[in-house]
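Just upload-v4.txt here, compact mmCIF, C-alpha atoms:
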```txt
# COMPACT_ATOMS: atom_id res chain seq x y z
CA MET D 233 -6.93 33.07 22.45
CA MET D 234 -5.30 32.23 19.14
CA ARG D 235 -2.34 34.42 18.23
CA LYS D 236 -3.52 36.74 15.47
CA ARG D 237 -1.49 36.96 12.29
CA PRO D 238 -2.46 37.08 8.60
CA ALA D 239 -3.43 33.57 7.45
CA VAL D 240 -1.13 33.48 4.41
CA ALA D 241 1.80 34.97 6.34
CA GLY D 242 1.26 32.46 9.15
CA TRP D 243 1.21 29.57 6.75
CA ARG D 244 4.37 30.79 5.00
CA TRP D 245 6.08 31.25 8.37
CA ALA D 246 5.25 27.66 9.38
CA CYS D 247 6.47 26.33 6.03
CA ARG D 248 9.75 28.25 6.30
CA GLN D 249 10.36 26.93 9.80
CA LEU D 250 9.58 23.36 8.75
CA SER D 251 11.73 23.46 5.60
CA ALA D 252 14.61 24.86 7.63
CA GLY D 253 14.34 21.87 9.95
CA HIS D 254 13.57 24.02 12.99
CA VAL D 255 10.27 22.50 14.08
CA LYS D 256 7.90 19.63 13.52
CA PRO D 257 4.86 20.62 11.42
CA LEU D 258 2.45 20.87 14.36
CA GLU D 259 4.83 22.35 16.91
CA GLY D 260 3.00 25.14 18.73
CA VAL D 261 -0.43 23.62 18.06
CA LYS D 262 -2.38 22.80 21.23
CA ILE D 263 -4.96 20.02 21.15
CA LEU D 264 -7.55 19.52 23.87
CA ASP D 265 -8.26 15.77 23.85
CA LEU D 266 -11.54 14.65 25.40
CA THR D 267 -11.41 11.19 23.81
CA ARG D 268 -10.80 7.76 25.23
CA VAL D 269 -10.47 4.11 24.14
CA LEU D 270 -9.02 3.87 20.59
CA ALA D 271 -10.26 5.97 17.63
CA GLY D 272 -9.69 9.37 19.27
CA PRO D 273 -6.49 8.48 21.16
CA PHE D 274 -5.04 6.97 17.96
CA ALA D 275 -5.74 10.23 16.10
CA THR D 276 -4.24 12.44 18.80
CA MET D 277 -1.20 10.18 19.16
CA ILE D 278 -0.40 10.75 15.47
CA LEU D 279 -0.88 14.50 15.92
CA GLY D 280 1.40 14.37 18.96
CA ASP D 281 4.05 12.56 16.92
CA LEU D 282 3.92 15.52 14.51
CA GLY D 283 4.70 17.95 17.30
CA ALA D 284 1.31 19.03 18.66
CA GLU D 285 0.89 19.46 22.42
CA ILE D 286 -1.84 17.01 23.44
CA ILE D 287 -3.72 17.76 26.67
CA LYS D 288 -5.63 14.59 27.47
CA VAL D 289 -8.60 15.10 29.81
CA GLU D 290 -9.40 12.09 32.00
CA ARG D 291 -11.80 11.23 34.80
CA PRO D 292 -10.24 11.49 38.25
CA GLY D 293 -9.57 8.01 39.60
CA ALA D 294 -10.45 5.75 36.68
CA GLY D 295 -9.15 7.72 33.71
CA ASP D 296 -9.44 6.40 30.16
CA GLU D 297 -11.35 3.09 30.10
CA THR D 298 -8.45 1.31 28.43
CA ARG D 299 -6.33 1.80 31.55
CA ALA D 300 -8.31 -1.15 32.94
CA TRP D 301 -8.19 -3.29 29.78
CA GLY D 302 -5.95 -6.24 30.45
CA PRO D 303 -4.10 -8.39 30.95
CA PRO D 304 -1.42 -7.80 29.94
CA PHE D 305 -0.33 -5.09 32.37
CA VAL D 306 3.17 -3.74 32.94
CA GLY D 307 3.12 -3.08 36.66
CA THR D 308 -0.24 -1.35 37.03
CA GLU D 309 -0.32 0.03 33.46
CA SER D 310 -2.47 -1.51 30.74
CA VAL D 311 -0.46 -2.34 27.63
CA TYR D 312 -3.54 -1.42 25.58
CA PHE D 313 -3.45 2.13 26.97
CA LEU D 314 0.33 2.36 26.57
CA SER D 315 0.04 1.44 22.88
CA VAL D 316 -1.87 4.57 21.76
CA ASN D 317 -1.18 7.38 24.23
CA ARG D 318 2.42 8.52 23.84
CA ASN D 319 3.31 12.21 23.57
CA LYS D 320 0.38 13.39 25.72
CA LYS D 321 -0.14 15.28 28.95
CA SER D 322 -2.88 14.00 31.27
CA ILE D 323 -5.07 16.23 33.39
CA ALA D 324 -7.74 14.73 35.63
CA VAL D 325 -10.88 16.90 35.73
CA ASN D 326 -14.37 16.20 37.09
CA LEU D 327 -16.66 17.30 34.26
CA LYS D 328 -19.75 16.79 36.44
CA ASN D 329 -18.69 19.85 38.43
CA PHE D 330 -19.34 23.39 37.18
CA HIS D 331 -15.76 24.41 37.91
CA GLY D 332 -14.50 21.40 35.96
CA VAL D 333 -16.52 22.53 32.95
CA ARG D 334 -15.07 26.03 33.40
CA ILE D 335 -11.55 24.59 33.22
CA ILE D 336 -12.35 22.89 29.88
CA LYS D 337 -13.75 26.14 28.50
CA ASP D 338 -10.66 28.01 29.61
CA LEU D 339 -8.47 25.41 27.92
CA ALA D 340 -10.55 25.53 24.73
CA SER D 341 -10.00 29.29 24.55
CA VAL D 342 -6.22 28.80 24.34
CA CYS D 343 -6.14 25.56 22.31
CA ASP D 344 -6.31 25.19 18.53
CA VAL D 345 -8.24 21.92 18.41
CA LEU D 346 -10.83 20.17 20.59
CA ILE D 347 -11.47 16.51 19.84
CA GLU D 348 -14.10 14.42 21.66
CA ASN D 349 -15.92 11.11 21.34
CA TYR D 350 -18.99 11.47 23.53
CA VAL D 351 -22.48 10.34 22.46
CA PRO D 352 -24.09 13.17 20.42
CA GLY D 353 -25.56 15.83 22.69
CA LYS D 354 -23.77 14.73 25.87
CA LEU D 355 -21.20 17.52 25.89
CA ALA D 356 -23.83 20.06 24.89
CA GLU D 357 -25.75 19.11 28.05
CA MET D 358 -22.62 20.08 30.02
CA GLY D 359 -22.22 23.34 28.14
CA LEU D 360 -19.27 22.01 26.14
CA GLY D 361 -20.89 21.40 22.75
CA TYR D 362 -19.59 23.05 19.60
CA LYS D 363 -22.06 25.94 19.83
CA ASP D 364 -20.93 26.62 23.39
CA ILE D 365 -17.21 26.46 22.61
CA VAL D 366 -17.28 28.43 19.37
CA GLU D 367 -18.74 31.42 21.23
CA ILE D 368 -15.61 31.70 23.38
CA ALA D 369 -13.15 30.21 20.86
CA PRO D 370 -14.19 31.06 17.28
CA HIS D 371 -10.78 29.84 16.11
CA ILE D 372 -11.34 26.29 17.38
CA VAL D 373 -11.22 23.22 15.12
CA TYR D 374 -13.76 21.03 16.92
CA CYS D 375 -13.79 17.34 15.94
CA SER D 376 -16.44 14.89 17.16
CA ILE D 377 -15.96 11.13 16.76
CA THR D 378 -19.10 9.04 17.25
CA GLY D 379 -20.40 5.63 16.26
CA TYR D 380 -22.84 6.72 13.57
CA GLY D 381 -22.85 10.52 13.22
CA GLN D 382 -24.44 13.49 14.95
CA THR D 383 -27.92 12.96 13.50
CA GLY D 384 -30.01 10.14 12.09
CA PRO D 385 -31.86 7.06 13.38
CA MET D 386 -28.76 5.40 14.89
CA SER D 387 -27.00 8.50 16.19
CA GLN D 388 -27.73 7.85 19.87
CA ARG D 389 -26.31 4.35 19.87
CA ALA D 390 -22.98 3.78 21.57
CA GLY D 391 -20.13 3.46 19.09
CA TYR D 392 -18.20 0.19 19.35
CA ASP D 393 -15.76 -1.07 16.77
CA SER D 394 -17.15 -4.60 16.45
CA VAL D 395 -20.74 -3.38 15.99
CA ALA D 396 -19.79 -0.74 13.42
CA CYS D 397 -17.64 -3.40 11.73
CA ALA D 398 -20.73 -5.58 11.46
CA VAL D 399 -23.19 -2.88 10.38
CA SER D 400 -20.80 -1.47 7.76
CA GLY D 401 -20.46 -4.82 5.96
CA LEU D 402 -16.78 -5.35 6.78
CA MET D 403 -17.49 -8.39 8.94
CA HIS D 404 -19.63 -9.88 6.17
CA ILE D 405 -16.67 -9.93 3.78
CA THR D 406 -14.09 -11.10 6.35
CA GLY D 407 -13.53 -14.77 7.15
CA PRO D 408 -13.22 -18.19 5.50
CA GLN D 409 -14.97 -18.62 2.18
CA ASP D 410 -17.39 -21.22 3.54
CA GLY D 411 -17.28 -20.15 7.17
CA ASP D 412 -18.79 -17.63 9.55
CA PRO D 413 -18.16 -13.87 9.50
CA VAL D 414 -14.98 -12.90 11.35
CA ARG D 415 -13.94 -9.76 13.21
CA PRO D 416 -10.54 -8.48 11.99
CA GLY D 417 -7.72 -9.16 14.45
CA VAL D 418 -7.39 -5.46 15.36
CA ALA D 419 -10.11 -2.81 15.61
CA MET D 420 -9.83 -1.65 12.00
CA THR D 421 -13.03 0.42 12.16
CA ASP D 422 -11.78 2.40 15.15
CA LEU D 423 -8.38 2.82 13.53
CA ALA D 424 -9.93 3.97 10.24
CA ALA D 425 -11.98 6.59 12.12
CA GLY D 426 -8.83 7.73 13.92
CA LEU D 427 -6.96 8.12 10.65
CA TYR D 428 -9.85 10.01 9.04
CA SER D 429 -10.07 12.28 12.11
CA HIS D 430 -6.33 12.98 12.06
CA GLY D 431 -6.51 13.96 8.39
CA ALA D 432 -9.65 16.03 8.87
CA ILE D 433 -8.08 17.96 11.75
CA MET D 434 -5.02 18.70 9.62
CA ALA D 435 -7.36 19.97 6.87
CA GLY D 436 -9.25 22.03 9.45
CA LEU D 437 -6.04 23.72 10.61
CA LEU D 438 -5.11 24.47 7.00
CA GLN D 439 -8.59 25.87 6.35
CA ARG D 440 -8.26 28.08 9.42
CA GLU D 441 -5.01 29.51 8.08
CA LYS D 442 -6.96 30.57 4.98
CA THR D 443 -10.10 31.91 6.64
CA GLY D 444 -9.05 32.81 10.17
CA ARG D 445 -12.00 30.81 11.51
CA GLY D 446 -12.33 27.38 13.01
CA LEU D 447 -14.85 24.76 11.93
CA TYR D 448 -16.74 21.66 13.06
CA ILE D 449 -15.79 18.12 11.98
CA ASP D 450 -18.26 15.23 12.22
CA CYS D 451 -16.40 11.89 12.00
CA ASN D 452 -17.92 8.50 12.82
CA LEU D 453 -17.04 4.81 12.77
CA LEU D 454 -19.78 3.73 10.36
CA SER D 455 -18.98 6.31 7.68
CA SER D 456 -15.23 5.70 8.01
CA GLN D 457 -15.63 1.96 7.48
CA VAL D 458 -18.18 2.19 4.66
CA ALA D 459 -15.84 4.62 2.85
CA CYS D 460 -13.06 2.02 3.22
CA LEU D 461 -15.09 -0.68 1.44
CA SER D 462 -13.65 0.78 -1.79
CA HIS D 463 -14.01 -1.59 -4.77
CA VAL D 464 -16.21 -4.04 -2.84
CA ALA D 465 -18.76 -1.26 -2.36
CA ALA D 466 -18.39 -0.10 -5.98
CA ASN D 467 -18.94 -3.66 -7.21
CA TYR D 468 -22.37 -3.51 -5.58
CA LEU D 469 -23.26 0.14 -6.18
CA THR D 470 -22.18 0.15 -9.83
CA GLY D 471 -22.30 -3.49 -10.84
CA GLY D 472 -25.09 -4.78 -8.60
CA LYS D 473 -22.82 -7.57 -7.35
CA GLU D 474 -23.21 -8.64 -3.72
CA ALA D 475 -19.97 -9.34 -1.88
CA LYS D 476 -18.92 -12.62 -0.27
CA ARG D 477 -16.14 -13.89 1.95
CA TRP D 478 -12.99 -15.05 0.20
CA GLY D 479 -10.72 -16.01 3.10
CA THR D 480 -7.24 -14.93 1.99
CA ALA D 481 -8.21 -14.95 -1.70
CA HIS D 482 -9.34 -12.09 -3.95
CA GLY D 483 -12.65 -11.99 -5.78
CA SER D 484 -11.24 -10.43 -8.96
CA ILE D 485 -7.63 -11.65 -9.20
CA VAL D 486 -6.33 -15.23 -9.45
CA PRO D 487 -3.97 -16.30 -8.02
CA TYR D 488 -3.92 -13.82 -5.15
CA GLN D 489 -4.06 -15.64 -1.80
CA ALA D 490 -2.25 -17.65 0.85
CA PHE D 491 -0.96 -21.09 -0.01
CA LYS D 492 -0.09 -23.73 2.60
CA THR D 493 3.53 -24.80 2.41
CA LYS D 494 5.22 -27.76 4.06
CA ASP D 495 5.66 -25.78 7.30
CA GLY D 496 3.60 -22.59 7.06
CA TYR D 497 1.88 -20.23 4.62
CA LEU D 498 3.00 -18.03 1.75
CA VAL D 499 0.94 -15.25 0.14
CA VAL D 500 1.46 -14.86 -3.60
CA GLY D 501 -0.28 -12.39 -5.91
CA ALA D 502 -0.22 -12.38 -9.70
CA GLY D 503 -1.71 -9.02 -10.68
CA ASN D 504 -1.22 -9.52 -14.43
CA ASP D 505 -0.63 -12.24 -17.00
CA HIS D 506 3.16 -11.75 -17.05
CA GLN D 507 3.37 -12.24 -13.28
CA PHE D 508 1.27 -15.40 -13.59
CA ALA D 509 3.73 -16.77 -16.13
CA VAL D 510 6.61 -16.01 -13.74
CA VAL D 511 4.80 -17.79 -10.88
CA CYS D 512 4.32 -20.84 -13.09
CA LYS D 513 8.03 -20.79 -14.02
CA ILE D 514 9.10 -20.62 -10.36
CA LEU D 515 6.78 -23.51 -9.57
CA SER D 516 8.14 -25.51 -12.55
CA LEU D 517 4.64 -25.49 -14.03
CA THR D 518 5.40 -23.51 -17.20
CA THR D 519 2.83 -25.35 -19.31
CA LEU D 520 0.13 -24.08 -16.95
CA SER D 521 0.52 -20.49 -18.15
CA GLU D 522 0.07 -21.64 -21.74
CA GLU D 523 -3.21 -23.46 -21.18
CA PRO D 524 -6.17 -21.68 -22.83
CA ARG D 525 -8.20 -21.83 -19.58
CA TYR D 526 -5.59 -19.74 -17.73
CA LYS D 527 -4.29 -17.36 -20.42
CA THR D 528 -5.92 -14.23 -18.94
CA ASN D 529 -6.94 -13.15 -15.47
CA LYS D 530 -10.60 -13.21 -16.49
CA LEU D 531 -10.26 -16.86 -17.50
CA ARG D 532 -8.32 -17.68 -14.33
CA VAL D 533 -11.12 -16.20 -12.23
CA GLN D 534 -13.66 -18.28 -14.15
CA ASN D 535 -11.58 -21.44 -13.67
CA ARG D 536 -10.39 -20.57 -10.18
CA ARG D 537 -11.06 -23.87 -8.41
CA GLU D 538 -9.11 -26.25 -10.61
CA LEU D 539 -6.18 -23.82 -10.98
CA ILE D 540 -5.91 -23.19 -7.23
CA ASP D 541 -6.02 -26.95 -6.57
CA ILE D 542 -2.99 -27.42 -8.84
CA LEU D 543 -1.09 -24.54 -7.23
CA CYS D 544 -1.92 -25.70 -3.70
CA ALA D 545 -0.53 -29.14 -4.38
CA ARG D 546 2.72 -27.68 -5.69
CA PHE D 547 3.22 -25.16 -2.84
CA SER D 548 2.77 -27.92 -0.26
CA GLU D 549 5.90 -29.69 -1.54
CA LYS D 550 8.42 -27.15 -0.15
CA THR D 551 8.95 -25.13 3.01
CA THR D 552 8.10 -21.46 3.26
CA GLN D 553 11.79 -20.55 3.33
CA ASP D 554 12.43 -22.60 0.17
CA TRP D 555 9.72 -20.68 -1.67
CA LEU D 556 10.91 -17.32 -0.34
CA GLN D 557 14.34 -17.99 -1.84
CA LEU D 558 12.83 -19.02 -5.17
CA PHE D 559 10.58 -15.93 -5.39
CA GLU D 560 13.33 -13.48 -4.36
CA GLY D 561 13.98 -10.98 -7.17
CA SER D 562 11.16 -12.31 -9.34
CA GLY D 563 9.10 -9.12 -9.36
CA VAL D 564 6.07 -11.07 -8.15
CA PRO D 565 4.42 -9.88 -4.89
CA TYR D 566 5.01 -12.52 -2.20
CA GLY D 567 5.55 -12.89 1.52
CA PRO D 568 5.11 -15.27 4.45
CA ILE D 569 2.22 -15.11 6.92
CA ASN D 570 4.19 -14.06 9.98
CA ASN D 571 3.15 -14.30 13.58
CA ILE D 572 3.76 -11.11 15.58
CA GLN D 573 7.19 -12.19 16.77
CA GLN D 574 8.22 -12.91 13.19
CA ALA D 575 6.74 -9.60 11.98
CA PHE D 576 8.87 -7.57 14.41
CA SER D 577 11.91 -9.64 13.47
CA GLU D 578 11.55 -8.74 9.78
CA SER D 579 14.56 -6.75 8.59
CA GLN D 580 12.34 -4.19 6.84
CA VAL D 581 10.23 -3.61 9.96
CA ILE D 582 13.42 -2.96 11.92
CA HIS D 583 14.82 -0.73 9.16
CA ASN D 584 11.58 1.33 9.10
CA ASP D 585 11.96 2.14 12.84
CA LEU D 586 8.69 0.47 13.74
CA ILE D 587 9.92 -0.62 17.16
CA LEU D 588 9.72 2.35 19.52
CA GLU D 589 11.18 2.26 23.03
CA MET D 590 10.32 4.66 25.84
CA TYR D 591 10.97 4.83 29.56
CA HIS D 592 7.75 5.03 31.57
CA PRO D 593 7.92 6.43 35.15
CA THR D 594 6.17 3.43 36.74
CA ALA D 595 6.22 0.68 34.08
CA GLY D 596 9.89 1.09 33.24
CA ASN D 597 11.08 0.38 29.71
CA ILE D 598 8.15 -0.11 27.30
CA VAL D 599 8.15 -0.96 23.60
CA VAL D 600 5.31 -0.09 21.21
CA PRO D 601 4.77 0.14 17.43
CA GLY D 602 6.43 3.24 16.03
CA PRO D 603 5.03 5.86 13.61
CA ALA D 604 4.19 4.55 10.15
CA VAL D 605 5.41 7.57 8.16
CA ARG D 606 8.87 9.11 7.85
CA PHE D 607 9.68 12.64 6.67
CA SER D 608 12.71 14.17 4.96
CA ASP D 609 12.95 17.42 6.96
CA PHE D 610 12.35 16.24 10.51
CA LYS D 611 12.44 13.10 12.61
CA ILE D 612 9.73 11.81 14.88
CA SER D 613 12.10 11.29 17.78
CA ASN D 614 12.36 11.55 21.55
CA PRO D 615 8.80 10.36 22.23
CA LYS D 616 7.29 11.04 25.63
CA PRO D 617 5.82 7.99 27.42
CA PRO D 618 2.06 7.67 27.91
CA PRO D 619 1.01 9.74 30.93
CA LEU D 620 -0.23 8.65 34.33
CA ILE D 621 -3.74 9.80 35.30
CA GLY D 622 -3.51 13.49 36.12
CA GLN D 623 0.28 13.52 35.85
CA HIS D 624 0.26 17.01 34.31
CA THR D 625 -2.80 18.58 35.95
CA VAL D 626 -0.98 21.23 37.98
CA GLU D 627 1.50 21.94 35.19
CA VAL D 628 -1.26 22.61 32.64
CA LEU D 629 -3.38 24.70 35.02
CA LYS D 630 -0.36 26.79 35.97
CA THR D 631 1.53 27.19 32.69
CA THR D 632 -1.24 26.93 30.07
CA LEU D 633 -4.04 28.68 31.94
CA GLY D 634 -2.06 30.83 34.33
CA TYR D 635 -4.06 29.79 37.41
CA ASN D 636 -2.39 30.87 40.64
CA GLU D 637 -1.20 28.33 43.18
CA SER D 638 -3.87 29.04 45.79
CA PHE D 639 -6.69 28.53 43.27
CA ILE D 640 -5.11 25.29 42.04
CA ASN D 641 -4.89 24.08 45.62
CA GLU D 642 -8.60 24.87 46.11
CA LEU D 643 -9.47 22.82 43.01
CA LEU D 644 -7.34 19.93 44.28
CA ALA D 645 -8.84 20.07 47.77
CA ALA D 646 -12.37 20.03 46.37
CA GLY D 647 -11.61 17.02 44.12
CA ILE D 648 -12.50 18.99 40.99
CA VAL D 649 -9.06 18.08 39.65
CA THR D 650 -6.49 15.53 40.79
CA GLN D 651 -2.73 15.34 40.42
CA TYR D 652 -0.72 12.12 40.22
CA GLU D 653 2.21 12.34 42.58
CA LEU D 654 5.27 10.29 41.65
CA ASN D 655 7.10 8.80 44.62
```

Would you encode the structure as C-alpha cells?
Amino acid sequence: MMRKRPAVAGWRWACRQLSAGHVKPLEGVKILDLTRVLAGPFATMILGDLGAEIIKVERPGAGDETRAWGPPFVGTESVYFLSVNRNKKSIAVNLKNFHGVRIIKDLASVCDVLIENYVPGKLAEMGLGYKDIVEIAPHIVYCSITGYGQTGPMSQRAGYDSVACAVSGLMHITGPQDGDPVRPGVAMTDLAAGLYSHGAIMAGLLQREKTGRGLYIDCNLLSSQVACLSHVAANYLTGGKEAKRWGTAHGSIVPYQAFKTKDGYLVVGAGNDHQFAVVCKILSLTTLSEEPRYKTNKLRVQNRRELIDILCARFSEKTTQDWLQLFEGSGVPYGPINNIQQAFSESQVIHNDLILEMYHPTAGNIVVPGPAVRFSDFKISNPKPPPLIGQHTVEVLKTTLGYNESFINELLAAGIVTQYELN
C-alpha cells in the first residue's frame, strides 16, 4: 500500500529533494501501465523520463500491438514500438486467467497510478475496473484513455487516431486549400491524448498529496483533439464561421505560409504590420507595404490572393539558402520546410538534445527522439531501452510483490506469466 505520511509534509519533502538535485520529480512513483499502441505508451514514456517506475503489462507472446508494426524493424524489434517505450519494465501476464488478474490487483495495491486504454467496461468485466481497484487501493490515480469517453452514444467504438482525427474536425481543416482532407503526418490525436493524460496524472498525484485519496481520470481521443482546435473552434462557436482548409496558409494572418523557392520551400510569417514591412524590405518590394490595400493585416487578408501572387513570384527567384541568409536577424519568423534528415541535422535540434541514443539488448544501438523539455535542477539522462516482452516479469513479481520463487515458477509453468530469457 501507499506509504502513509501527511500530504503537506510529503509534498514539501519531495520538493526539498528535487530542489537539492537528489531525485527526479517522479522518482519513487510506481505506475502500472496497461496501455498499448501510442496514446498511453507516449504518456507513460514521459512519466518514465521524469523518474517514475513504469511497469508495462503485455500479453504473453504477442505483447503490445506495435511490436508487429513494421517495417522498419531493427532485428526483430519494431521501430514504432522502440520510439515510445523507453524507461519501462515489461511483464507478460495472461489477463484471461484468474491468477493473472490477481497479479494485476496485487500490483495496483503497491502502485501509485494505473493507466489503461481498454474499451469502456472491458476491464470491469475482468474485475479490474476503477470500482474494483479503488476498494483495494484507495490511493490509486486511475487513468482511462479511450476513443470517445466512458459514456455516451459512441463510447463503445474502438478508438483509432485517424477516425478521431476525422470526427473531431481536424482532418477537415488539414490539407490543400482546394484539395481533399488530409491526415496529419503523425498521429496528432493520439499524441494529444497522451499529453493530456500525462498532465492529468501529474495533477492527480498532486491532488492526492492534498487529500490523501486517489481519483479517476477519464481521457479520450475525441475530447483531446476537439480541445486542441483552439481558435478554429472559437471562430465557429463564437463567430459562427465554419472552418476550411488553408494548406500551409493561415485564415486570419497574411502573409503566413510556405512559399516555393528556386529549390525548396520557405515558411514566412508576418504577425503584425511592422513585420510585413520588414518582409517587403528583404524582398526589395518596399512599395508593397505602402500600398493602401496592404496597410493592415485586415486589408491583407481581404486582398490575400493578389498579394500572395506577388510574393510567390519574388520568392521563386532565389534559393532557400539565399532567403535564409537574407532573413537572418530580421526579427521575422521564418524557416525552411525540412525533410526528416534535415530536421535532425538542424543545429538547434542537436543543441536541444533531441537525438537520444540507447543500447538495446537485441537490436543493438538505437536512436529515437529525445524528451522535449529540459529542467534546471535535474537531467533526463541514462535512459533505459524499451523492454523485451516479459523481460522483467520475474524481477517485478519477486522485488515489487515479494512472491517467493516456487510460486513464481508455478505461474511460469502454467503460462499465466512469461519471462523473456536473454541468451

### Task
Identify which of the residues D:Gly479, D:Pro304, D:Gly436, D:Gly295 lies closest to Val325 of chain D, counting all atoms listed in the file when measuring atom-to-atom distances.
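When distances to Val325 of chain D are compared using all atoms listed in the file, the smallest one comes from D:Gly295.
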
### Query
Which protein, DNA or RNA residues have an atom at most 10 Å from (-9.0, 10.0, 32.2), counting only C-alpha atoms? List them as a PyMOL selection string.
chain D and resi 266-268+288-299+322-326+620-622

Got time to write the residues from that selection, C-alpha atoms, as a PDB file, in the frame of the given file?
```
ATOM      1  CA  LEU D 266     -11.540  14.650  25.400  1.00  0.00           C
ATOM      2  CA  THR D 267     -11.410  11.190  23.810  1.00  0.00           C
ATOM      3  CA  ARG D 268     -10.800   7.760  25.230  1.00  0.00           C
ATOM      4  CA  LYS D 288      -5.630  14.590  27.470  1.00  0.00           C
ATOM      5  CA  VAL D 289      -8.600  15.100  29.810  1.00  0.00           C
ATOM      6  CA  GLU D 290      -9.400  12.090  32.000  1.00  0.00           C
ATOM      7  CA  ARG D 291     -11.800  11.230  34.800  1.00  0.00           C
ATOM      8  CA  PRO D 292     -10.240  11.490  38.250  1.00  0.00           C
ATOM      9  CA  GLY D 293      -9.570   8.010  39.600  1.00  0.00           C
ATOM     10  CA  ALA D 294     -10.450   5.750  36.680  1.00  0.00           C
ATOM     11  CA  GLY D 295      -9.150   7.720  33.710  1.00  0.00           C
ATOM     12  CA  ASP D 296      -9.440   6.400  30.160  1.00  0.00           C
ATOM     13  CA  GLU D 297     -11.350   3.090  30.100  1.00  0.00           C
ATOM     14  CA  THR D 298      -8.450   1.310  28.430  1.00  0.00           C
ATOM     15  CA  ARG D 299      -6.330   1.800  31.550  1.00  0.00           C
ATOM     16  CA  SER D 322      -2.880  14.000  31.270  1.00  0.00           C
ATOM     17  CA  ILE D 323      -5.070  16.230  33.390  1.00  0.00           C
ATOM     18  CA  ALA D 324      -7.740  14.730  35.630  1.00  0.00           C
ATOM     19  CA  VAL D 325     -10.880  16.900  35.730  1.00  0.00           C
ATOM     20  CA  ASN D 326     -14.370  16.200  37.090  1.00  0.00           C
ATOM     21  CA  LEU D 620      -0.230   8.650  34.330  1.00  0.00           C
ATOM     22  CA  ILE D 621      -3.740   9.800  35.300  1.00  0.00           C
ATOM     23  CA  GLY D 622      -3.510  13.490  36.120  1.00  0.00           C
TER      24      GLY D 622
END
```

### Query
Got a sec: who's within 9 Å of Val500 of chain D, counting all atoms listed in the file, leaving out chain neighbours fewer than 4 positions off, as a ChimeraX atom specification?
/D:487-491,511,564-568

### Task
Using atom CA of Gly272 of chain D and atom CA of Ile377 of chain D as the two end points, give the distance in Å to one decimal.
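Pair atom CA of Gly272 of chain D / atom CA of Ile377 of chain D returns 7.0 Å.
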
### Message
With distances taken over only C-alpha atoms, which residue among D:Tyr448, D:Phe330, D:Phe305, D:Tyr652 lies nearest Gln623 of chain D?
### Response
D:Tyr652

### Query
In Å, how far is it from atom CA of Val464 of chain D to atom CA of Val581 of chain D?
29.4 Å

#### Entry: For Leu282 of chain D, the nearest of the candidates D:Gly483, D:Gly561, D:Gly302, D:Pro615, counting all atoms listed in the file
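Using all atoms listed in the file, Leu282 of chain D sits closest to D:Pro615.
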
### For Gly634 of chain D, the nearest of the candidates D:Ile335, D:Ile612, D:Ala646, D:Ala369, counting all atoms listed in the file
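Checking each of D:Ile335, D:Ile612, D:Ala646, D:Ala369 against Gly634 of chain D, counting all atoms listed in the file, the winner is D:Ile335.
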
### Message
From the options D:Gln388, D:Gln573, D:Gln409, D:Asn349, which residue's atoms come nearest to Ala475 of chain D, counting only C-alpha atoms?
### Response
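Nearest candidate to Ala475 of chain D out of D:Gln388, D:Gln573, D:Gln409, D:Asn349: D:Gln409.
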
### Message
For a test of reading the model, state the distance in Å between atom CA of Val533 of chain D and atom CA of Ala481 of chain D, rounded to one decimal.
### Response
11.0 Å

### Query
Out of D:Glu309, D:Leu643, D:His430, D:Val333, which residue has the shortest atom-to-atom distance to Gly280 of chain D when counting only C-alpha atoms?
D:His430

### Query
Taking (11.3, 3.0, 16.3) in the file's coordinates, which residues come within 10 Å, counting all atoms listed in the file, written as a list in words?
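Here the neighbourhood of the point contains Val581, Ile582, His583, Asn584, Asp585, Leu586, Ile587, Leu588, Glu589, Met590, Val599, Val600, Pro601, Gly602, Pro603, Ala604, Ile612, Ser613 and Pro615 of chain D.
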
### Task
Compile the contact shell of Leu279 of chain D as a ChimeraX atom specification: residues with an atom at most 10 Å away, counting all atoms listed in the file, same-chain residues fewer than 4 positions apart removed.
/D:257-259,261-263,273-275,283-286,319-320,430-431,433-434
